[in-house]
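J.: Contents of coords21.txt (compact mmCIF, C-alpha atoms and all ligand atoms) are below:
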# COMPACT_ATOMS: atom_id res chain seq x y z
CA MET X 1033 -29.84 11.12 -7.90
CA THR X 1034 -32.17 8.97 -5.78
CA ARG X 1035 -31.45 7.22 -2.51
CA LEU X 1036 -27.67 7.17 -2.43
CA ILE X 1037 -26.63 5.35 0.72
CA ILE X 1038 -23.10 5.34 2.15
CA ASP X 1039 -22.45 2.60 4.69
CA THR X 1040 -19.84 0.04 5.72
CA ILE X 1041 -19.29 -3.06 3.65
CA ASN X 1042 -21.03 -6.36 4.39
CA PRO X 1043 -18.18 -8.87 3.87
CA ASP X 1044 -20.63 -11.78 3.48
CA THR X 1045 -22.66 -10.38 0.61
CA ASP X 1046 -20.73 -7.50 -1.03
CA ILE X 1047 -17.45 -9.02 -2.22
CA GLU X 1048 -18.57 -10.14 -5.71
CA ALA X 1049 -20.23 -6.80 -6.42
CA LEU X 1050 -17.19 -4.92 -5.16
CA ALA X 1051 -14.77 -6.88 -7.37
CA SER X 1052 -17.12 -6.34 -10.30
CA LEU X 1053 -17.15 -2.56 -9.62
CA ASN X 1054 -13.33 -2.47 -9.59
CA CYS X 1055 -13.11 -4.53 -12.80
CA ARG X 1056 -15.16 -1.88 -14.63
CA GLU X 1057 -12.08 0.39 -14.49
CA ILE X 1058 -10.11 -2.07 -16.68
CA THR X 1059 -10.79 -1.61 -20.37
CA GLU X 1060 -8.57 -4.39 -21.80
CA TRP X 1061 -7.63 -7.72 -20.23
CA HIS X 1062 -4.51 -9.55 -21.37
CA HIS X 1063 -2.16 -12.35 -20.35
CA TYR X 1064 1.31 -11.80 -18.88
CA VAL X 1065 4.37 -13.63 -20.18
CA GLU X 1066 7.20 -15.09 -18.07
CA ASP X 1067 9.40 -11.97 -18.11
CA GLY X 1068 6.47 -9.92 -16.76
CA SER X 1069 5.61 -8.13 -20.00
CA ARG X 1070 2.18 -7.92 -21.62
CA GLY X 1071 0.95 -11.04 -23.45
CA ALA X 1072 -1.98 -11.89 -25.75
CA PRO X 1073 -5.41 -10.29 -25.25
CA SER X 1074 -7.76 -12.31 -23.05
CA THR X 1075 -10.94 -12.20 -21.03
CA TRP X 1076 -11.18 -11.90 -17.24
CA GLU X 1077 -12.53 -15.49 -17.02
CA LYS X 1078 -9.47 -16.96 -18.75
CA LEU X 1079 -6.88 -15.19 -16.60
CA SER X 1080 -5.20 -16.71 -13.56
CA ARG X 1081 -5.54 -14.88 -10.22
CA TRP X 1082 -1.93 -13.74 -10.55
CA GLU X 1083 -2.66 -12.24 -13.96
CA ARG X 1084 -5.75 -10.47 -12.64
CA TRP X 1085 -3.63 -9.07 -9.77
CA ARG X 1086 -1.09 -7.81 -12.28
CA HIS X 1087 -3.79 -5.63 -13.89
CA GLY X 1088 -4.09 -3.56 -10.72
CA GLY X 1089 -3.96 -5.45 -7.43
CA PRO X 1090 -6.25 -7.59 -5.27
CA TRP X 1091 -9.42 -5.63 -6.12
CA LEU X 1092 -9.88 -7.48 -9.43
CA ASP X 1093 -10.65 -10.97 -8.12
CA PRO X 1094 -13.26 -11.81 -5.43
CA ASN X 1095 -11.01 -14.25 -3.51
CA LEU X 1096 -8.04 -11.89 -3.49
CA LEU X 1097 -10.29 -8.98 -2.56
CA GLN X 1098 -11.76 -10.94 0.35
CA LEU X 1099 -8.29 -11.62 1.76
CA HIS X 1100 -7.18 -8.03 1.09
CA LEU X 1101 -10.16 -6.71 3.08
CA LYS X 1102 -9.42 -9.12 5.95
CA ILE X 1103 -5.86 -7.76 6.04
CA LEU X 1104 -7.16 -4.19 6.13
CA GLU X 1105 -9.62 -5.12 8.89
CA GLU X 1106 -6.84 -6.80 10.91
CA ALA X 1107 -4.99 -3.46 10.76
CA GLY X 1108 -8.08 -1.63 12.07
CA GLY X 1109 -9.07 -0.23 8.67
CA VAL X 1110 -12.55 0.46 7.36
CA VAL X 1111 -14.36 0.08 4.01
CA LEU X 1112 -17.22 2.34 2.98
CA VAL X 1113 -19.45 1.68 -0.01
CA ALA X 1114 -21.86 3.89 -1.92
CA ARG X 1115 -25.11 2.11 -2.85
CA GLN X 1116 -27.67 3.24 -5.37
CA LYS X 1117 -30.81 1.08 -5.41
CA GLU X 1118 -28.88 -1.88 -3.89
CA GLU X 1119 -26.09 -1.59 -6.49
CA ILE X 1120 -22.55 -0.77 -5.28
CA ILE X 1121 -21.27 2.17 -7.31
CA GLY X 1122 -18.37 3.43 -5.16
CA GLU X 1123 -15.86 2.24 -2.60
CA LEU X 1124 -13.43 3.85 -0.15
CA GLU X 1125 -10.79 2.00 1.92
CA ILE X 1126 -9.05 3.70 4.84
CA ALA X 1127 -6.23 2.45 7.08
CA TYR X 1128 -5.86 3.98 10.56
CA ASP X 1129 -2.99 4.22 12.98
CA VAL X 1130 -4.81 5.39 16.04
CA GLY X 1131 -2.81 3.29 18.50
CA ILE X 1132 0.50 4.82 17.46
CA PRO X 1133 0.83 8.24 19.14
CA GLN X 1134 3.20 9.83 16.65
CA GLU X 1135 0.99 8.79 13.76
CA ARG X 1136 -2.73 9.28 14.51
CA ARG X 1137 -3.30 9.34 10.79
CA ALA X 1138 -5.91 7.95 8.42
CA HIS X 1139 -4.55 6.92 5.04
CA ILE X 1140 -6.70 6.42 1.96
CA VAL X 1141 -5.70 3.02 0.60
CA TRP X 1142 -8.08 3.05 -2.36
CA ILE X 1143 -11.11 4.86 -3.72
CA VAL X 1144 -13.09 4.06 -6.83
CA VAL X 1145 -16.36 5.21 -8.35
CA ASP X 1146 -18.13 3.35 -11.17
CA PRO X 1147 -17.08 5.06 -14.45
CA ALA X 1148 -20.78 5.56 -15.32
CA TRP X 1149 -21.26 7.48 -12.04
CA GLN X 1150 -18.12 9.62 -11.95
CA ARG X 1151 -18.21 13.43 -11.67
CA LYS X 1152 -21.51 13.34 -9.77
CA GLY X 1153 -20.07 14.02 -6.32
CA ILE X 1154 -19.96 10.39 -5.09
CA GLY X 1155 -16.18 10.34 -4.53
CA LYS X 1156 -16.49 13.58 -2.55
CA LEU X 1157 -19.27 12.11 -0.36
CA LEU X 1158 -17.21 8.97 0.35
CA ILE X 1159 -14.20 11.04 1.42
CA GLU X 1160 -16.33 13.34 3.58
CA ARG X 1161 -17.84 10.33 5.38
CA GLY X 1162 -14.34 8.83 5.74
CA GLN X 1163 -13.10 12.10 7.29
CA GLU X 1164 -15.93 12.10 9.84
CA LEU X 1165 -15.09 8.52 10.85
CA ALA X 1166 -11.36 9.26 11.04
CA ALA X 1167 -11.92 12.35 13.22
CA LYS X 1168 -14.10 10.23 15.56
CA MET X 1169 -11.28 7.68 15.77
CA GLY X 1170 -8.93 10.43 17.01
CA CYS X 1171 -7.00 10.97 13.76
CA GLN X 1172 -5.60 14.44 13.17
CA LEU X 1173 -4.58 13.96 9.57
CA MET X 1174 -5.81 12.23 6.45
CA THR X 1175 -3.22 11.29 3.83
CA VAL X 1176 -3.13 9.77 0.37
CA SER X 1177 -0.65 9.26 -2.45
CA SER X 1178 -1.79 10.05 -5.95
CA GLN X 1179 -0.27 8.67 -9.14
CA ASP X 1180 -2.10 10.64 -11.80
CA GLN X 1181 -3.41 14.09 -12.63
CA ALA X 1182 -7.13 13.18 -12.45
CA SER X 1183 -6.94 11.86 -8.88
CA TYR X 1184 -4.58 14.73 -7.93
CA ASN X 1185 -7.25 17.20 -9.12
CA PHE X 1186 -9.89 15.26 -7.21
CA TYR X 1187 -7.96 15.46 -3.91
CA THR X 1188 -6.95 19.10 -4.28
CA SER X 1189 -10.60 19.98 -5.02
CA LEU X 1190 -11.33 18.45 -1.58
CA LYS X 1191 -8.70 20.72 0.06
CA PHE X 1192 -5.94 18.14 0.33
CA GLN X 1193 -2.53 19.77 -0.08
CA LYS X 1194 0.60 18.31 -1.59
CA THR X 1195 2.91 17.95 1.39
CA ASP X 1196 5.63 15.73 -0.01
CA ARG X 1197 6.81 13.59 -2.89
CA LEU X 1198 6.96 9.83 -2.79
CA LEU X 1199 9.78 8.36 -4.85
CA TYR X 1200 9.80 4.84 -6.22
CA PHE X 1201 13.13 3.04 -6.76
CA THR X 1202 14.16 -0.41 -7.99
CA LYS X 1203 17.39 -2.37 -7.96
CA VAL X 1204 18.24 -5.60 -9.78
CA LEU X 1205 20.04 -7.95 -7.41
CA GLY X 1206 21.23 -10.56 -9.91
CA ASN X 1207 22.64 -13.86 -8.69
CA GLY X 1208 25.56 -12.59 -6.63
CA LYS X 1209 26.42 -14.60 -3.56
CA PRO X 1210 24.98 -13.07 -0.42
CA GLN X 1211 27.69 -11.72 1.84
CA VAL X 1212 26.07 -10.73 5.07
CA GLN X 1213 28.80 -9.33 7.29
CA THR X 1214 27.42 -9.16 10.77
CA SER X 1215 30.54 -7.44 12.21
CA ASP X 1216 29.13 -5.29 15.01
CA VAL X 1217 25.47 -5.74 14.03
CA HIS X 1218 23.45 -8.39 15.84
CA MET X 1219 20.99 -10.08 13.53
CA ILE X 1220 18.04 -11.79 15.18
CA PRO X 1221 15.46 -13.62 13.04
CA LEU X 1222 11.91 -12.98 14.28
CA GLU X 1223 8.71 -14.96 13.84
CA TRP X 1224 5.74 -12.95 12.55
CA LYS X 1225 3.59 -14.41 15.31
CA GLN X 1226 6.06 -13.11 17.90
CA ARG X 1227 5.12 -9.62 16.80
CA PRO X 1228 1.46 -9.17 15.82
CA GLN X 1229 1.97 -5.37 15.58
CA PRO X 1230 4.67 -3.10 14.16
CA PRO X 1231 7.36 -2.52 16.81
CA ILE X 1232 5.99 0.04 19.26
CA GLY X 1233 7.95 3.28 19.21
CA PHE X 1234 9.77 2.38 15.98
CA LYS X 1235 9.22 4.54 12.93
CA LEU X 1236 8.62 3.21 9.42
CA ALA X 1237 11.71 4.79 7.83
CA ILE X 1238 11.36 3.49 4.29
CA GLY X 1239 8.33 2.17 2.46
CA ASN X 1240 6.04 4.60 4.23
CA ASN X 1241 3.17 5.45 1.95
CA TYR X 1242 0.71 3.40 3.99
CA THR X 1243 0.21 3.41 7.76
CA PRO X 1244 2.65 1.17 9.69
CA SER X 1245 -0.08 -1.18 10.98
CA TYR X 1246 -1.53 -1.74 7.49
CA THR X 1247 1.96 -2.28 6.03
CA TRP X 1248 2.65 -4.76 8.81
CA SER X 1249 -0.64 -6.60 8.38
CA TYR X 1250 -0.04 -6.93 4.63
CA LEU X 1251 3.46 -8.33 5.05
CA ARG X 1252 2.28 -10.78 7.69
CA ASN X 1253 -0.36 -12.15 5.29
CA MET X 1254 1.68 -12.01 2.08
CA SER X 1255 2.23 -15.79 2.06
CA LYS X 1256 -1.56 -16.37 2.03
CA LEU X 1257 -1.90 -14.04 -0.95
CA TYR X 1258 0.90 -15.87 -2.79
CA GLU X 1259 -0.77 -19.19 -1.99
CA LEU X 1260 -4.09 -17.98 -3.41
CA MET X 1261 -2.32 -16.79 -6.56
CA LYS X 1262 -0.30 -20.02 -6.80
CA VAL X 1263 2.96 -18.11 -7.29
CA ASP X 1264 6.31 -19.32 -6.09
CA ILE X 1265 7.59 -16.20 -4.30
CA PRO X 1266 9.28 -16.62 -0.90
CA SER X 1267 7.35 -15.12 2.01
CA PRO X 1268 8.77 -12.04 3.71
CA GLN X 1269 11.18 -12.80 6.56
CA LEU X 1270 11.46 -10.58 9.59
CA TRP X 1271 14.73 -9.52 11.28
CA LEU X 1272 15.71 -7.47 14.27
CA LEU X 1273 19.05 -5.70 13.69
CA ARG X 1274 20.93 -4.16 16.61
CA GLN X 1275 24.08 -2.01 16.60
CA LYS X 1276 24.93 -0.74 20.08
CA LYS X 1277 21.69 1.01 21.18
CA ALA X 1278 20.34 1.50 17.67
CA GLU X 1279 17.70 -1.00 16.56
CA ALA X 1280 15.82 -1.73 13.36
CA VAL X 1281 13.21 -4.22 12.27
CA THR X 1282 13.61 -5.08 8.64
CA VAL X 1283 11.98 -7.41 6.13
CA ALA X 1284 13.83 -9.66 3.70
CA HIS X 1285 11.55 -9.62 0.66
CA ASN X 1286 11.29 -8.01 -2.78
CA PHE X 1287 9.83 -4.78 -1.37
CA ILE X 1288 11.81 -2.99 1.35
CA ARG X 1289 10.06 -1.78 4.49
CA LEU X 1290 12.09 -1.04 7.56
CA TRP X 1291 11.38 0.43 10.97
CA LEU X 1292 13.90 2.29 13.14
CA SER X 1293 13.93 2.78 16.92
CA PRO X 1294 14.45 6.40 18.14
CA GLU X 1295 18.14 5.55 18.84
CA GLY X 1296 18.32 4.03 15.34
CA GLU X 1297 17.01 7.26 13.82
CA LYS X 1298 19.64 9.31 15.65
CA SER X 1299 22.58 7.11 14.74
CA THR X 1300 24.37 8.36 11.62
CA GLY X 1301 25.04 5.65 9.11
CA PHE X 1302 22.78 3.07 10.79
CA LEU X 1303 20.12 3.29 8.08
CA ALA X 1304 22.79 2.75 5.38
CA THR X 1305 24.06 -0.33 7.23
CA VAL X 1306 20.54 -1.69 7.71
CA LEU X 1307 19.76 -1.09 4.05
CA ARG X 1308 22.86 -3.01 2.97
CA ILE X 1309 22.05 -5.93 5.27
CA THR X 1310 18.39 -5.94 4.15
CA GLU X 1311 19.58 -6.18 0.57
CA GLU X 1312 21.78 -9.18 1.33
CA LEU X 1313 19.06 -10.88 3.37
CA SER X 1314 16.59 -10.35 0.51
CA ARG X 1315 19.06 -11.82 -1.96
CA LYS X 1316 19.41 -14.80 0.35
CA ASN X 1317 15.62 -15.03 0.42
CA LYS X 1318 15.71 -15.41 -3.40
CA SER X 1319 14.63 -11.90 -4.39
CA SER X 1320 16.03 -10.96 -7.80
CA GLN X 1321 14.78 -7.38 -7.68
CA LEU X 1322 14.21 -4.91 -4.87
CA LYS X 1323 11.58 -2.19 -4.88
CA VAL X 1324 11.18 0.63 -2.41
CA TYR X 1325 9.09 3.74 -1.82
CA SER X 1326 10.77 6.59 -0.03
CA PHE X 1327 10.48 10.29 0.65
CA PRO X 1328 13.10 12.58 -1.00
CA SER X 1329 15.13 12.78 2.24
CA HIS X 1330 16.52 9.27 1.54
CA ARG X 1331 17.12 9.78 -2.18
CA LYS X 1332 20.90 10.24 -1.85
CA LEU X 1333 21.24 7.16 0.30
CA LEU X 1334 19.24 5.00 -2.12
CA GLU X 1335 21.14 6.26 -5.14
CA ALA X 1336 24.46 5.68 -3.37
CA SER X 1337 23.21 2.11 -2.79
CA GLU X 1338 22.68 1.78 -6.56
CA PHE X 1339 18.90 2.00 -6.56
CA THR X 1340 17.42 3.47 -9.74
CA PHE X 1341 14.76 6.16 -9.46
CA ARG X 1342 11.66 5.15 -11.45
CA THR X 1343 8.60 7.31 -10.78
CA GLU X 1344 7.26 9.89 -8.44
CA GLU X 1345 3.89 10.18 -6.72
CA SER X 1346 2.34 13.11 -4.92
CA TYR X 1347 1.80 12.71 -1.20
CA LEU X 1348 -1.16 14.78 -0.09
CA SER X 1349 -2.60 15.46 3.32
CA LYS X 1350 -5.43 17.29 5.03
CA PRO X 1351 -5.83 18.20 8.70
CA LEU X 1352 -9.07 16.88 10.19
C1 LIG W 1401 -10.94 9.69 -8.43
C2 LIG W 1401 -12.42 9.26 -8.38
C3 LIG W 1401 -12.64 8.35 -7.18
C4 LIG W 1401 -13.29 10.55 -8.21
O1 LIG W 1401 -14.64 10.17 -7.99
P1 LIG W 1401 -15.88 11.05 -8.53
O2 LIG W 1401 -17.12 10.57 -7.88
O3 LIG W 1401 -15.88 11.07 -10.01
O4 LIG W 1401 -15.47 12.49 -7.98
P2 LIG W 1401 -16.45 13.73 -7.64
O5 LIG W 1401 -17.59 13.75 -8.61
O6 LIG W 1401 -16.82 13.68 -6.20
O7 LIG W 1401 -15.47 14.95 -7.93
C5 LIG W 1401 -15.27 16.03 -7.05
C6 LIG W 1401 -14.37 17.04 -7.73
O8 LIG W 1401 -13.08 16.44 -7.94
C7 LIG W 1401 -12.51 16.93 -9.19
N1 LIG W 1401 -12.38 15.80 -10.14
C8 LIG W 1401 -12.91 14.55 -10.02
N2 LIG W 1401 -12.54 13.77 -11.05
C9 LIG W 1401 -11.78 14.54 -11.86
C10 LIG W 1401 -11.13 14.29 -13.11
N3 LIG W 1401 -11.18 13.11 -13.72
N4 LIG W 1401 -10.41 15.30 -13.65
C11 LIG W 1401 -10.34 16.52 -13.05
N5 LIG W 1401 -10.96 16.81 -11.86
C12 LIG W 1401 -11.67 15.83 -11.28
C13 LIG W 1401 -13.51 17.95 -9.72
O9 LIG W 1401 -13.15 19.20 -9.20
C14 LIG W 1401 -14.81 17.45 -9.11
O10 LIG W 1401 -15.79 18.47 -9.01
P3 LIG W 1401 -16.68 18.87 -10.32
O11 LIG W 1401 -17.15 17.58 -10.95
O12 LIG W 1401 -17.79 19.69 -9.73
O13 LIG W 1401 -15.77 19.63 -11.23
C15 LIG W 1401 -12.87 8.56 -9.70
O14 LIG W 1401 -12.49 9.36 -10.79
C16 LIG W 1401 -12.28 7.17 -9.89
O15 LIG W 1401 -12.87 6.18 -9.45
N6 LIG W 1401 -11.12 7.09 -10.61
C17 LIG W 1401 -10.49 5.80 -10.87
C18 LIG W 1401 -9.82 5.21 -9.67
C19 LIG W 1401 -8.73 6.12 -9.10
O16 LIG W 1401 -7.93 6.69 -9.82
N7 LIG W 1401 -8.73 6.26 -7.77
C20 LIG W 1401 -7.77 7.11 -7.06
C21 LIG W 1401 -6.79 6.27 -6.32
S1 LIG W 1401 -5.57 7.26 -5.49
What is this structure when it is put down as structure tokens?
T.:
Amino acid sequence: MTRLIIDTINPDTDIEALASLNCREITEWHHYVEDGSRGAPSTWEKLSRWERWRHGGPWLDPNLLQLHLKILEEAGGVVLVARQKEEIIGELEIAYDVGIPQERRAHIVWIVVDPAWQRKGIGKLLIERGQELAAKMGCQLMTVSSQDQASYNFYTSLKFQKTDRLLYFTKVLGNGKPQVQTSDVHMIPLEWKQRPQPPIGFKLAIGNNYTPSYTWSYLRNMSKLYELMKVDIPSPQLWLLRQKKAEAVTVAHNFIRLWLSPEGEKSTGFLATVLRITEELSRKNKSSQLKVYSFPSHRKLLEASEFTFRTEESYLSKPL
């Protein structure tokens, strides 16, 4: 292999090539019908941005990818690319949480190598360079979640160890009337701009496969992504919930992410209450279905709240 260069992305000149690299992973393009199921075969050119997203996320359209990378950058993340004779043949995205003492973790958001260049050590080189950067940034741990056997084998070959399981649940909300009973819980709506960062000292209790700052940055910019895709989905709304000394910041949206203060973590039953209120707030915010990622420790709570378990991912980590 000649002249393989690994460096950071140039956002002015690399976006088209990066989207094109990611599109090479997709073997068949098709439309989506109203109910979300697969429609007629198509070509990339004929698909809307929303349909391209549905094939695998923001990486498959240059405009969506550009916004996605801005969101990652806002959260302090970094993008490395592998170049072979000026052509981009691999990409690695990492989110950091250096400013949050209990985290100090680098999370692999995405890695891809051109199918024609796989199994030649490029993925390994990208991760090694990412590890060096993360260690320099003060991270003690690198984490990733893996959905399939091939990537699982890739990470374990690089000495990542499975440290947990990440469970994915959904719940259909239907059209029931929201009944938010505030009783002894104070509910304070927050503006995103009031809080440019995740609440300091709060822990992301549910929805924690990514780093808190990246999760936060994504939610904050969700409305811009929806605008670009021309979809009519309400933007996430932010709430502070307080019950005596216990506090939580929660998001009314179709994907649950909620943060608990240390007092909130200690308080028995607070998470269940916050979950129930989040559900009602999301219903009020016109969500018809709720999705959530969680570690097994919250499985009982989610099932008791009538969430249905769907799939499981492996959560792997490696000390740096
Ligand atoms: C996962 C991926 C990035 C690996 O990149 P790569 O450049 O092919 O990986 P490397 O050549 O550095 O592989 C290093 C080792 O990982 C393991 N490995 C990599 N791909 C594997 C596969 N498909 N099946 C089994 N083991 C694999 C092997 O042990 C390999 O060493 P070997 O080739 O000497 O046996 C690449 O397959 C890819 O882009 N996949 C599609 C996107 C994806 O799934 N990304 C993961 C998101 S979590």
J.: If I take atom CA of Leu1124 of chain X and atom CA of Leu1112 of chain X, how far is one from the other in Å, to one decimal?
T.: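 We find that atom CA of Leu1124 of chain X and atom CA of Leu1112 of chain X lie 5.1 Å from each other.
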J.: Set the cut-off to 8 Å, count all atoms listed in the file, and list whatever residues fall near ligand LIG 1401 (chain W) as an NGL selection string.
T.: :X and (1057 or 1122 or 1140-1147 or 1149-1157 or 1176-1190)
J.: Could you please determine the separation between atom CA of Ala1278 of chain X and atom CA of Glu1338 of chain X in Å, to one decimal place?
T.: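 The value is 24.3 Å.
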J.: Please list as an MDAnalysis selection string every residue within 12 Å of segment 1319-1335 of chain X, counting only C-alpha atoms and excluding residues in the same chain fewer than 6 positions away.
T.: chainID X and resid 1177 1195:1210 1236:1242 1264:1269 1283:1290 1300:1308 1310:1313 1341:1347
J.: Check the smallest atom-to-atom distance from each of X:Ile1037, X:Leu1165, X:Cys1055, X:Leu1270 to Glu1125 of chain X using all atoms listed in the file, then report the winner.
T.: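 Smallest distance to Glu1125 of chain X is found for X:Leu1165.
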J.: If we count all atoms listed in the file and set the cut-off at 12 Å, which residues sit around Tyr1250 of chain X, ignoring sequence neighbours fewer than 2 positions away in its own chain? Please answer as a PyMOL selection string.
T.: chain X and resi 1090+1099-1107+1109+1127+1224+1228-1230+1242-1248+1252-1258+1267-1268+1287+1289
